[in-house]
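Asker: The structure that follows is given in the form of structure tokens.
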Amino acid sequence: MSEPTLALLIPVTDPTIDLKPCCTNLAQQDYPHWTAYIIGQASTLPEPWTTDDRFQQLTVPDVTLPTLGHLAQTQLTSDLIMIIDPRDQLDQPDSLSELVALAQQLDCDLIMPELVRFDEQRSTYLFPNLWRQREELITYNNYHFLIWASVAMRVVVGSLIDRHLFAQATTTLPREASSQTLIRHLCRQARHGIYTDRHPYIWHLQADHQLPEFEWPNPLTFSQLPQLVAANQAAGYQAPVPTTISIAICIDQNVAATIPTLLYSIATHASRPMDIYVVYDHLPAAARADLTWFNDRFPNFRVILTPLRAVDRDLLRRFTLNGNKGNLTKFYRLVLPQLLPDVERLIYLDADTLVTSDLTALWESDLAGNFLGVVKDPGIGVEPRPARKEDWWGYRLLGPNDGEQYFNSGVLLMDLHLFRQYSISLYFYQFVIETIMFYLLEDQDALNLFFHGAVAFLPLEHNYITKFIDIEPRAIEAVSLLHYLGPRKPWKINFDLPTSQRAAAARYRATRRTWQALAHAEQPAVTALVDTANPDDHLLERTLESLLSQDYGPLEIIVTTPVAPTPASPLTRWAKENPNLTILVNDAPSRLARQQAARQHATSDLLLCLAAPDYLDEVTALSQLVALQQKEAAALVCAQATEWLVDQSSFMVLPNVNDIINFGPTDWNGVLVTQTALQPDVLEFDSKHPVKQRCLRHNLWVKAKR
């Protein structure tokens, strides 16, 4: 194979620039087939290069990119083009030969090397953070992100370009076009382009020679979908809206236990037939039984367990190789059009959602020829949330002109008919494969980028993110769907949950308790007796949060206090938000007397006794205590404690149950006990008493100590 010829274009905008360092650097190159062209109006070659045939001068009226392109098309005959700024240099004497060899080896018409910056003021080299592969393929899908992520992709200097490609890409450039505009043309038109960290171009940072900031293109598009939407609208396309509502929920074993609550919320608000497709890879038999429980309890409501196909599993695993570090479940929705071939329209729901009213309005929303129906979310879910709106993730990903178009992907109305008609999943999959390493919010970013300009925006009420409560206030009764975005899920204990979000969490927990009481009717009811000397003590909230987040259905909570809480008290609000919580005011002098009086109001045979600020530290604590009590037929079960020192915020384990519970007539804190066993004349807390007692050996109860 013959070695290609190479034209080195050196545009000179300032005749006072010293060309000698640049020419010296080029003269040291060991590649034999290059010619350097000094291009400008009055540039002069320094000695001794005036007699070197490898250096030529071309006088032109300007050195804009279109002018350089015109030269490449009309006056130059070389195979390859490289633009070099006269203030910069190549890395090594073999830079040209190695880059040309790489171009021939990989059959490239575009090679864009990494940049090393030389700070002349400090005489320091600034090396890039090389997080990519040695050679990164430049594609139609990823070139925008490469330009976004790397300053080397924002300047055309140092790149090895096929002369015909360079001429073609500059044909329609306006005179004032920037390097980034030309690079976008080159990347779109290149037959085979790569980005490499080999033999970087050395950029000399000077006061008048700074690297450019990223330029947002306008319009911002990543697919042909906007054109397809326009064609759908021009043709008068109307999406089919079946009578039966189809919903897809994609899960794994980590969230399987939360899905029955979501299903129950859907079933109890359904006004028309429902098909719920639960898409999974691996799921235990017990979890599958909880999900199919609904099929025999609700008419016109089908839960259809839909295992992922092997071919889909293999495709999705490639995301891990390309940079995905999260759970692949979020990408299951990508294969839904093929996995559900008979479904024309579909509502996709994240596992952390709760339906609060009929979904018919969402189901019948007009998509106007778009592929998705979505609700806006400018990226405020990223924590900590930036103070300036311009710094929200939606603006950082889509730019200042399109940041408002960023949407949340937890609730989607999907026109699967259009997906299959245009083979959208195939193109979307390839897009994700090539760009996944650039995402922050993974699947949500991918959907926003690829479907940008091809979505219909729906009212906020159809995907009301609980974090919106302080920004876009809505009454829970006014929304159709709550979305518990973020790490503070309502099925977890959240001591730092903002006050404004507690009503939404209470709604979820009430729904969960109702389902559990129906699905597990064999579970005995439990009354938690909580005593506090001060209803305004902020640590009381820990006790209540730990109880209200328990994954146990038939649970009521009675709080006894000698002082009535004020209307503004947190305890008053907790009782208002949680119907299973009752406040009893009793001015008896001791905790035992107050709790004994509260027993008269308890509707359960099993009592859980706690004194604020003590709390349960696992959401499964009560379930475990009850299971042990039932298994052992025990009249009394004691939970082992961890002691929390409030002032020092430190913990210590109290290993001996006798150190935790004072077996005397004054305290039965941390105990699950039957009503009959608590009769004062029947049970005395001493070692001789025959009542069967068991201690659950887990750190389930936190005893706060000031």
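By order of appearance in the structure tokens: chains A, B, ..., then residues from 1 within every chain, and ligands from 1 in the order shown.
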Neighbours of A:Leu460 within 6 Å (only C-alpha atoms; same-chain residues fewer than 3 positions away dropped), as a PyMOL selection string?

Answerer: chain A and resi 375+463-464

Asker: What residues in stretch 175-308 of chain A get the DSSP label alpha helix (DSSP H)? Please answer as a PyMOL selection string.

Answerer: chain A and resi 179-189+225-234+259-267+285-292

Asker: Figure out the distance between atom CA of A:Met153 and atom CA of A:Tyr195, please, to one decimal in Å.

Answerer: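 About the pair atom CA of A:Tyr195 and atom CA of A:Met153: they are 8.3 Å apart.
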
Asker: Taking 3 positions as the minimum chain separation for residues in the same chain, which residues sit within 7 Å of A:Ser246 when counting only C-alpha atoms? Answer as a PyMOL selection string.

Answerer: chain A and resi 274-276+345-347

Asker: Between A:Leu458, A:Val156, A:Leu305, A:Ile245, which is the closest to A:Ser178 once you count only C-alpha atoms?

Answerer: A:Val156

Asker: Sorted by chain and rising residue number, which residues of stretch 361-460 of chain A lie within 9 Å of stretch 204-228 of chain A, and what are their closest atom pairs and distances in Å to one decimal, counting only C-alpha atoms, as JSON lines?

Answerer:
```
{"residue": "A:Gly369", "atom": "CA", "partner": "A:Leu228", "partner_atom": "CA", "distance": 8.5}
{"residue": "A:Asn370", "atom": "CA", "partner": "A:Pro226", "partner_atom": "CA", "distance": 8.4}
{"residue": "A:Phe371", "atom": "CA", "partner": "A:Leu225", "partner_atom": "CA", "distance": 8.4}
{"residue": "A:Leu398", "atom": "CA", "partner": "A:Leu220", "partner_atom": "CA", "distance": 7.7}
{"residue": "A:Gly399", "atom": "CA", "partner": "A:Trp216", "partner_atom": "CA", "distance": 6.3}
{"residue": "A:Pro400", "atom": "CA", "partner": "A:Trp216", "partner_atom": "CA", "distance": 8.2}
{"residue": "A:Asn401", "atom": "CA", "partner": "A:Asn218", "partner_atom": "CA", "distance": 8.1}
{"residue": "A:Asp402", "atom": "CA", "partner": "A:Leu220", "partner_atom": "CA", "distance": 7.8}
{"residue": "A:Tyr422", "atom": "CA", "partner": "A:Leu228", "partner_atom": "CA", "distance": 8.7}
{"residue": "A:Ile424", "atom": "CA", "partner": "A:Leu225", "partner_atom": "CA", "distance": 8.8}
{"residue": "A:Tyr427", "atom": "CA", "partner": "A:Ser223", "partner_atom": "CA", "distance": 8.7}
{"residue": "A:Phe428", "atom": "CA", "partner": "A:Ser223", "partner_atom": "CA", "distance": 8.9}
{"residue": "A:Phe431", "atom": "CA", "partner": "A:Phe222", "partner_atom": "CA", "distance": 8.8}
{"residue": "A:Leu449", "atom": "CA", "partner": "A:Phe222", "partner_atom": "CA", "distance": 6.3}
{"residue": "A:Phe450", "atom": "CA", "partner": "A:Phe222", "partner_atom": "CA", "distance": 5.5}
{"residue": "A:Phe451", "atom": "CA", "partner": "A:Leu225", "partner_atom": "CA", "distance": 6.8}
{"residue": "A:His452", "atom": "CA", "partner": "A:Thr221", "partner_atom": "CA", "distance": 6.6}
{"residue": "A:Gly453", "atom": "CA", "partner": "A:Pro226", "partner_atom": "CA", "distance": 5.3}
{"residue": "A:Ala454", "atom": "CA", "partner": "A:Pro226", "partner_atom": "CA", "distance": 5.1}
{"residue": "A:Val455", "atom": "CA", "partner": "A:Pro226", "partner_atom": "CA", "distance": 8.8}
```

Asker: Give the answer as one residue: which of A:Phe298, A:Ala257, A:Gln629, A:Arg188 has the shortest atom-to-atom distance to A:Ala286, using only C-alpha atoms?

Answerer: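 When distances to A:Ala286 are compared using only C-alpha atoms, the smallest one comes from A:Ala257.
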
Asker: Could you list, as a JSON list (two decimals) with N, CA and C atoms, in the first residue's frame, every residue within 9 Å of stretch 561-578 of chain A, counting only C-alpha atoms and ignoring same-chain residues fewer than 2 positions away?

Answerer:
```json
[["chain", "number", "residue", "atom", "x", "y", "z"],
["A", 502, "ARG", "N", -44.36, 14.25, 54.08],
["A", 502, "ARG", "CA", -44.82, 13.19, 54.96],
["A", 502, "ARG", "C", -46.24, 12.74, 54.62],
["A", 503, "ALA", "N", -47.07, 13.65, 54.16],
["A", 503, "ALA", "CA", -48.44, 13.25, 53.81],
["A", 503, "ALA", "C", -48.43, 12.27, 52.64],
["A", 504, "ALA", "N", -47.55, 12.50, 51.67],
["A", 504, "ALA", "CA", -47.44, 11.57, 50.54],
["A", 504, "ALA", "C", -46.93, 10.21, 51.00],
["A", 506, "ALA", "N", -47.33, 8.99, 54.00],
["A", 506, "ALA", "CA", -48.42, 8.38, 54.77],
["A", 506, "ALA", "C", -49.45, 7.74, 53.85],
["A", 507, "ARG", "N", -49.68, 8.35, 52.69],
["A", 507, "ARG", "CA", -50.66, 7.78, 51.74],
["A", 507, "ARG", "C", -50.16, 6.42, 51.25],
["A", 509, "ARG", "N", -48.06, 4.36, 52.79],
["A", 509, "ARG", "CA", -48.05, 3.39, 53.87],
["A", 509, "ARG", "C", -49.45, 2.90, 54.24],
["A", 510, "ALA", "N", -50.42, 3.80, 54.16],
["A", 510, "ALA", "CA", -51.80, 3.39, 54.42],
["A", 510, "ALA", "C", -52.27, 2.39, 53.38],
["A", 530, "VAL", "N", -47.21, 3.81, 72.60],
["A", 530, "VAL", "CA", -46.05, 4.70, 72.67],
["A", 530, "VAL", "C", -46.32, 5.76, 73.72],
["A", 531, "ASP", "N", -45.40, 5.91, 74.65],
["A", 531, "ASP", "CA", -45.58, 6.93, 75.68],
["A", 531, "ASP", "C", -44.49, 7.99, 75.54],
["A", 532, "THR", "N", -44.90, 9.23, 75.69],
["A", 532, "THR", "CA", -43.95, 10.34, 75.68],
["A", 532, "THR", "C", -44.35, 11.35, 76.75],
["A", 533, "ALA", "N", -43.37, 11.80, 77.50],
["A", 533, "ALA", "CA", -43.65, 12.81, 78.51],
["A", 533, "ALA", "C", -43.83, 14.19, 77.89],
["A", 534, "ASN", "N", -43.29, 14.37, 76.66],
["A", 534, "ASN", "CA", -43.35, 15.67, 76.00],
["A", 534, "ASN", "C", -43.77, 15.47, 74.55],
["A", 535, "PRO", "N", -45.00, 15.81, 74.19],
["A", 535, "PRO", "CA", -45.47, 15.59, 72.81],
["A", 535, "PRO", "C", -44.75, 16.45, 71.77],
["A", 536, "ASP", "N", -44.00, 17.48, 72.21],
["A", 536, "ASP", "CA", -43.27, 18.32, 71.28],
["A", 536, "ASP", "C", -41.80, 17.92, 71.14],
["A", 537, "ASP", "N", -41.40, 16.84, 71.80],
["A", 537, "ASP", "CA", -40.02, 16.37, 71.69],
["A", 537, "ASP", "C", -39.77, 15.93, 70.25],
["A", 538, "HIS", "N", -38.76, 16.52, 69.59],
["A", 538, "HIS", "CA", -38.52, 16.19, 68.19],
["A", 538, "HIS", "C", -38.08, 14.74, 68.02],
["A", 540, "LEU", "N", -39.50, 12.26, 69.32],
["A", 540, "LEU", "CA", -40.71, 11.44, 69.19],
["A", 540, "LEU", "C", -40.96, 11.08, 67.72],
["A", 541, "GLU", "N", -40.53, 11.96, 66.81],
["A", 541, "GLU", "CA", -40.75, 11.70, 65.39],
["A", 541, "GLU", "C", -39.99, 10.46, 64.94],
["A", 544, "LEU", "N", -42.23, 7.47, 65.90],
["A", 544, "LEU", "CA", -43.40, 7.35, 65.03],
["A", 544, "LEU", "C", -43.01, 6.93, 63.62],
["A", 548, "LEU", "N", -44.52, 3.72, 61.70],
["A", 548, "LEU", "CA", -45.37, 3.91, 60.53],
["A", 548, "LEU", "C", -44.75, 3.33, 59.26],
["A", 559, "VAL", "N", -50.59, 6.85, 71.07],
["A", 559, "VAL", "CA", -49.58, 7.65, 71.76],
["A", 559, "VAL", "C", -50.20, 8.22, 73.02],
["A", 580, "ASN", "N", -54.29, 5.59, 61.39],
["A", 580, "ASN", "CA", -54.07, 4.51, 62.35],
["A", 580, "ASN", "C", -53.34, 4.98, 63.60],
["A", 581, "LEU", "N", -53.17, 6.31, 63.75],
["A", 581, "LEU", "CA", -52.48, 6.86, 64.91],
["A", 581, "LEU", "C", -53.46, 7.67, 65.75],
["A", 582, "THR", "N", -53.55, 7.34, 67.07],
["A", 582, "THR", "CA", -54.46, 8.01, 67.99],
["A", 582, "THR", "C", -53.66, 8.61, 69.14],
["A", 583, "ILE", "N", -54.08, 9.79, 69.60],
["A", 583, "ILE", "CA", -53.44, 10.44, 70.75],
["A", 583, "ILE", "C", -54.36, 10.35, 71.95],
["A", 584, "LEU", "N", -53.84, 9.87, 73.07],
["A", 584, "LEU", "CA", -54.59, 9.82, 74.33],
["A", 584, "LEU", "C", -53.87, 10.67, 75.36],
["A", 585, "VAL", "N", -54.56, 11.66, 75.90],
["A", 585, "VAL", "CA", -53.98, 12.51, 76.94],
["A", 585, "VAL", "C", -54.39, 11.97, 78.30],
["A", 586, "ASN", "N", -53.39, 11.68, 79.13],
["A", 586, "ASN", "CA", -53.64, 11.12, 80.46],
["A", 586, "ASN", "C", -52.57, 11.68, 81.39],
["A", 587, "ASP", "N", -53.00, 12.35, 82.43],
["A", 587, "ASP", "CA", -52.04, 13.01, 83.32],
["A", 587, "ASP", "C", -51.59, 12.11, 84.46],
["A", 588, "ALA", "N", -51.71, 10.82, 84.29],
["A", 588, "ALA", "CA", -51.19, 9.90, 85.30],
["A", 588, "ALA", "C", -49.69, 10.14, 85.48],
["A", 589, "PRO", "N", -49.18, 9.96, 86.69],
["A", 589, "PRO", "CA", -47.79, 10.35, 86.96],
["A", 589, "PRO", "C", -46.74, 9.43, 86.36],
["A", 591, "ARG", "N", -45.36, 6.36, 83.43],
["A", 591, "ARG", "CA", -45.55, 5.78, 82.10],
["A", 591, "ARG", "C", -46.40, 4.52, 82.18],
["A", 594, "ARG", "N", -50.03, 5.33, 82.44],
["A", 594, "ARG", "CA", -50.60, 5.86, 81.20],
["A", 594, "ARG", "C", -50.79, 4.74, 80.17]]
```

Asker: Between A:Val335, A:Val526, A:Leu447, A:Ala270, which residue has the minimum interatomic distance to A:Ser480, considering only C-alpha atoms?

Answerer: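 Residue with the minimum atom-to-atom distance to A:Ser480: A:Ala270.
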
Asker: Could you pull the residues within 12 Å of A:Ala256, counting only C-alpha atoms, minus those fewer than 3 positions along the same chain, as a list of chain:residue names?

Answerer: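 Here the qualifying residues turn out to be A:Ile249, A:Cys250, A:Ile251, A:Asp252, A:Gln253, A:Ile259, A:Pro260, A:Thr261, A:Leu262, A:Leu263, A:Val278, A:Val279, A:Tyr280, A:Asp281, A:His282, A:Leu283, A:Pro284, A:Ala285, A:Ala286, A:Ala287, A:Arg288, A:Ala289, A:Asp290, A:Leu291, A:Thr329, A:Asp350, A:Ala351, A:Asp352.
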
Asker: Find the spatial neighbours of A:Lys376, counting only C-alpha atoms, within a cut-off of 8 Å - ignore same-chain residues fewer than 5 positions away - and output them as a list in words.

Answerer: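 Counting only C-alpha atoms, the residues come to Glu404, Gln405, Tyr406, Phe407, Asn408, Phe457, Leu458 and Leu460 of chain A.
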
Asker: Could the residues in this selection be saved with C-alpha atoms as a compact mmCIF listing (two decimals), in the first residue's frame?

Answerer:
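The resulting file, again-v7.txt, is reproduced below:
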```txt
# COMPACT_ATOMS: atom_id res chain seq x y z
CA GLU A 404 -37.18 23.09 29.98
CA GLN A 405 -37.97 20.11 27.75
CA TYR A 406 -36.33 17.59 30.09
CA PHE A 407 -38.83 15.02 31.34
CA ASN A 408 -39.09 12.33 33.99
CA PHE A 457 -46.08 16.85 27.41
CA LEU A 458 -48.80 15.79 29.85
CA LEU A 460 -47.99 17.35 36.14
```

Asker: Extract, using only C-alpha atoms, all DNA, RNA and protein residues at most 9 Å from A:Asn141, discarding same-chain residues fewer than 3 positions from it, and format them as a list in words.

Answerer: Ile138, His144, Phe145, Phe222, Ser223, Gln430, Phe431, Val432, Glu434 and Thr435 of chain A

Asker: Mind writing the picked residues with all heavy atoms as a PDB file, in the first residue's frame?

Answerer:
```pdb
ATOM      1  N   ILE A 138     -16.064   7.413  16.461  1.00  0.00           N
ATOM      2  CA  ILE A 138     -16.938   8.580  16.353  1.00  0.00           C
ATOM      3  C   ILE A 138     -18.133   8.199  15.493  1.00  0.00           C
ATOM      4  O   ILE A 138     -17.977   7.783  14.342  1.00  0.00           O
ATOM      5  CB  ILE A 138     -16.193   9.769  15.713  1.00  0.00           C
ATOM      6  CG1 ILE A 138     -14.988  10.169  16.568  1.00  0.00           C
ATOM      7  CG2 ILE A 138     -17.125  10.959  15.550  1.00  0.00           C
ATOM      8  CD1 ILE A 138     -14.104  11.226  15.922  1.00  0.00           C
ATOM      9  N   HIS A 144     -21.762  14.353  19.425  1.00  0.00           N
ATOM     10  CA  HIS A 144     -22.176  15.494  20.247  1.00  0.00           C
ATOM     11  C   HIS A 144     -21.605  15.368  21.654  1.00  0.00           C
ATOM     12  O   HIS A 144     -21.120  16.348  22.242  1.00  0.00           O
ATOM     13  CB  HIS A 144     -23.706  15.571  20.293  1.00  0.00           C
ATOM     14  CG  HIS A 144     -24.239  16.475  21.363  1.00  0.00           C
ATOM     15  ND1 HIS A 144     -24.374  17.835  21.198  1.00  0.00           N
ATOM     16  CD2 HIS A 144     -24.647  16.204  22.634  1.00  0.00           C
ATOM     17  CE1 HIS A 144     -24.854  18.372  22.308  1.00  0.00           C
ATOM     18  NE2 HIS A 144     -25.019  17.411  23.194  1.00  0.00           N
ATOM     19  N   PHE A 145     -21.652  14.172  22.208  1.00  0.00           N
ATOM     20  CA  PHE A 145     -21.210  13.954  23.579  1.00  0.00           C
ATOM     21  C   PHE A 145     -19.692  13.985  23.691  1.00  0.00           C
ATOM     22  O   PHE A 145     -19.155  14.415  24.716  1.00  0.00           O
ATOM     23  CB  PHE A 145     -21.769  12.620  24.085  1.00  0.00           C
ATOM     24  CG  PHE A 145     -23.258  12.537  23.959  1.00  0.00           C
ATOM     25  CD1 PHE A 145     -23.843  11.922  22.865  1.00  0.00           C
ATOM     26  CD2 PHE A 145     -24.064  13.115  24.912  1.00  0.00           C
ATOM     27  CE1 PHE A 145     -25.209  11.870  22.734  1.00  0.00           C
ATOM     28  CE2 PHE A 145     -25.441  13.071  24.797  1.00  0.00           C
ATOM     29  CZ  PHE A 145     -26.022  12.451  23.697  1.00  0.00           C
ATOM     30  N   PHE A 222     -31.095  14.400  18.158  1.00  0.00           N
ATOM     31  CA  PHE A 222     -30.262  13.201  18.251  1.00  0.00           C
ATOM     32  C   PHE A 222     -30.837  12.034  17.455  1.00  0.00           C
ATOM     33  O   PHE A 222     -30.306  10.934  17.505  1.00  0.00           O
ATOM     34  CB  PHE A 222     -30.109  12.786  19.717  1.00  0.00           C
ATOM     35  CG  PHE A 222     -29.474  13.847  20.574  1.00  0.00           C
ATOM     36  CD1 PHE A 222     -30.251  14.718  21.317  1.00  0.00           C
ATOM     37  CD2 PHE A 222     -28.104  13.996  20.608  1.00  0.00           C
ATOM     38  CE1 PHE A 222     -29.678  15.705  22.093  1.00  0.00           C
ATOM     39  CE2 PHE A 222     -27.510  14.981  21.378  1.00  0.00           C
ATOM     40  CZ  PHE A 222     -28.295  15.837  22.122  1.00  0.00           C
ATOM     41  N   SER A 223     -31.927  12.267  16.762  1.00  0.00           N
ATOM     42  CA  SER A 223     -32.539  11.195  15.975  1.00  0.00           C
ATOM     43  C   SER A 223     -33.399  11.842  14.894  1.00  0.00           C
ATOM     44  O   SER A 223     -33.539  13.063  14.825  1.00  0.00           O
ATOM     45  CB  SER A 223     -33.397  10.291  16.869  1.00  0.00           C
ATOM     46  OG  SER A 223     -34.547  10.992  17.328  1.00  0.00           O
ATOM     47  N   GLN A 430     -29.123   1.080  19.799  1.00  0.00           N
ATOM     48  CA  GLN A 430     -27.809   1.449  19.290  1.00  0.00           C
ATOM     49  C   GLN A 430     -27.366   2.798  19.850  1.00  0.00           C
ATOM     50  O   GLN A 430     -26.194   3.002  20.173  1.00  0.00           O
ATOM     51  CB  GLN A 430     -27.825   1.491  17.759  1.00  0.00           C
ATOM     52  CG  GLN A 430     -26.457   1.653  17.123  1.00  0.00           C
ATOM     53  CD  GLN A 430     -25.536   0.485  17.421  1.00  0.00           C
ATOM     54  OE1 GLN A 430     -25.994  -0.648  17.548  1.00  0.00           O
ATOM     55  NE2 GLN A 430     -24.245   0.756  17.551  1.00  0.00           N
ATOM     56  N   PHE A 431     -28.310   3.708  19.977  1.00  0.00           N
ATOM     57  CA  PHE A 431     -28.003   5.019  20.550  1.00  0.00           C
ATOM     58  C   PHE A 431     -27.503   4.880  21.985  1.00  0.00           C
ATOM     59  O   PHE A 431     -26.499   5.491  22.372  1.00  0.00           O
ATOM     60  CB  PHE A 431     -29.257   5.901  20.506  1.00  0.00           C
ATOM     61  CG  PHE A 431     -29.081   7.256  21.128  1.00  0.00           C
ATOM     62  CD1 PHE A 431     -28.491   8.288  20.416  1.00  0.00           C
ATOM     63  CD2 PHE A 431     -29.498   7.498  22.426  1.00  0.00           C
ATOM     64  CE1 PHE A 431     -28.323   9.543  20.995  1.00  0.00           C
ATOM     65  CE2 PHE A 431     -29.330   8.740  23.010  1.00  0.00           C
ATOM     66  CZ  PHE A 431     -28.743   9.764  22.290  1.00  0.00           C
ATOM     67  N   VAL A 432     -28.183   4.057  22.788  1.00  0.00           N
ATOM     68  CA  VAL A 432     -27.786   3.875  24.185  1.00  0.00           C
ATOM     69  C   VAL A 432     -26.410   3.221  24.269  1.00  0.00           C
ATOM     70  O   VAL A 432     -25.562   3.627  25.074  1.00  0.00           O
ATOM     71  CB  VAL A 432     -28.842   3.041  24.935  1.00  0.00           C
ATOM     72  CG1 VAL A 432     -28.376   2.745  26.353  1.00  0.00           C
ATOM     73  CG2 VAL A 432     -30.174   3.774  24.971  1.00  0.00           C
ATOM     74  N   GLU A 434     -23.932   3.454  22.354  1.00  0.00           N
ATOM     75  CA  GLU A 434     -22.847   4.349  21.969  1.00  0.00           C
ATOM     76  C   GLU A 434     -22.712   5.581  22.863  1.00  0.00           C
ATOM     77  O   GLU A 434     -21.713   6.304  22.770  1.00  0.00           O
ATOM     78  CB  GLU A 434     -23.038   4.799  20.517  1.00  0.00           C
ATOM     79  CG  GLU A 434     -22.946   3.646  19.517  1.00  0.00           C
ATOM     80  CD  GLU A 434     -23.227   4.083  18.090  1.00  0.00           C
ATOM     81  OE1 GLU A 434     -23.248   5.314  17.846  1.00  0.00           O
ATOM     82  OE2 GLU A 434     -23.448   3.218  17.231  1.00  0.00           O
ATOM     83  N   THR A 435     -23.698   5.824  23.722  1.00  0.00           N
ATOM     84  CA  THR A 435     -23.665   7.061  24.505  1.00  0.00           C
ATOM     85  C   THR A 435     -23.801   6.850  26.011  1.00  0.00           C
ATOM     86  O   THR A 435     -23.723   7.813  26.766  1.00  0.00           O
ATOM     87  CB  THR A 435     -24.795   8.008  24.049  1.00  0.00           C
ATOM     88  OG1 THR A 435     -26.066   7.356  24.237  1.00  0.00           O
ATOM     89  CG2 THR A 435     -24.645   8.384  22.589  1.00  0.00           C
TER      90      THR A 435
END
```

Asker: When you draw a straight line from atom CA of A:Gln233 to atom CA of A:Leu349, how long is it in Å?

Answerer: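 Computing the Euclidean distance for atom CA of A:Gln233 and atom CA of A:Leu349 yields 26.8 Å.
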
Asker: So the first atom is atom CA of A:Gln675 and the second is atom CA of A:Thr527; what is the distance between them in Å, to one decimal place?

Answerer: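 It comes out at 10.1 Å.
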
Asker: Taking the chain letters and numbering used in this document, name the residues of stretch 88-220 of chain A that DSSP puts in strand (DSSP E or B), as a short mmCIF file (atom, residue, chain, number, x, y, z; two decimals) with C-alpha atoms, in the first residue's frame.

Answerer:
```
data_model
loop_
_atom_site.label_atom_id
_atom_site.label_comp_id
_atom_site.auth_asym_id
_atom_site.auth_seq_id
_atom_site.Cartn_x
_atom_site.Cartn_y
_atom_site.Cartn_z
CA GLN A 89 3.23 21.74 17.99
CA LEU A 90 3.01 18.00 17.45
CA LEU A 110 -11.06 11.18 10.21
CA ILE A 111 -8.75 10.89 13.25
CA MET A 112 -9.10 13.37 16.11
CA PRO A 113 -6.27 13.10 18.67
CA GLU A 114 -6.43 14.08 22.32
CA LEU A 115 -5.00 17.43 23.45
CA VAL A 116 -2.18 18.06 25.88
CA ARG A 117 -2.20 21.66 27.08
CA PHE A 118 1.01 23.53 27.75
CA ASP A 119 0.57 26.44 30.12
CA THR A 124 3.46 23.21 32.90
CA TYR A 125 1.92 20.45 30.82
CA LEU A 126 -1.74 19.68 31.59
CA GLU A 135 -9.53 4.51 20.17
CA GLU A 136 -13.13 5.67 20.43
CA LEU A 137 -15.33 5.28 17.37
CA ILE A 138 -16.94 8.58 16.35
CA LEU A 160 -6.08 14.06 10.38
CA ILE A 161 -8.79 14.49 7.76
CA ASP A 162 -9.34 13.02 4.30
CA GLY A 193 -13.88 8.49 12.27
CA ILE A 194 -12.07 7.78 15.52
CA TYR A 195 -10.99 9.71 18.59
CA THR A 196 -7.62 8.61 19.97
CA ASP A 197 -5.31 9.38 22.87
CA ARG A 198 -2.21 8.45 20.86
CA HIS A 199 0.22 11.19 19.82
CA PRO A 200 -1.77 14.11 21.22
CA TYR A 201 -1.67 17.58 19.76
CA ILE A 202 0.06 20.08 22.09
CA TRP A 203 -1.93 23.28 22.56
CA HIS A 204 0.06 26.23 23.93
CA LEU A 205 -2.19 28.13 26.31
CA GLN A 206 -1.63 31.85 25.87
CA HIS A 209 -4.93 31.34 22.45
#
```

Asker: I need the residue nearest A:Ile17 from this list: A:Gly69, A:Pro61, A:Pro32, A:Pro86. Use only C-alpha atoms for the distance.

Answerer: A:Pro86
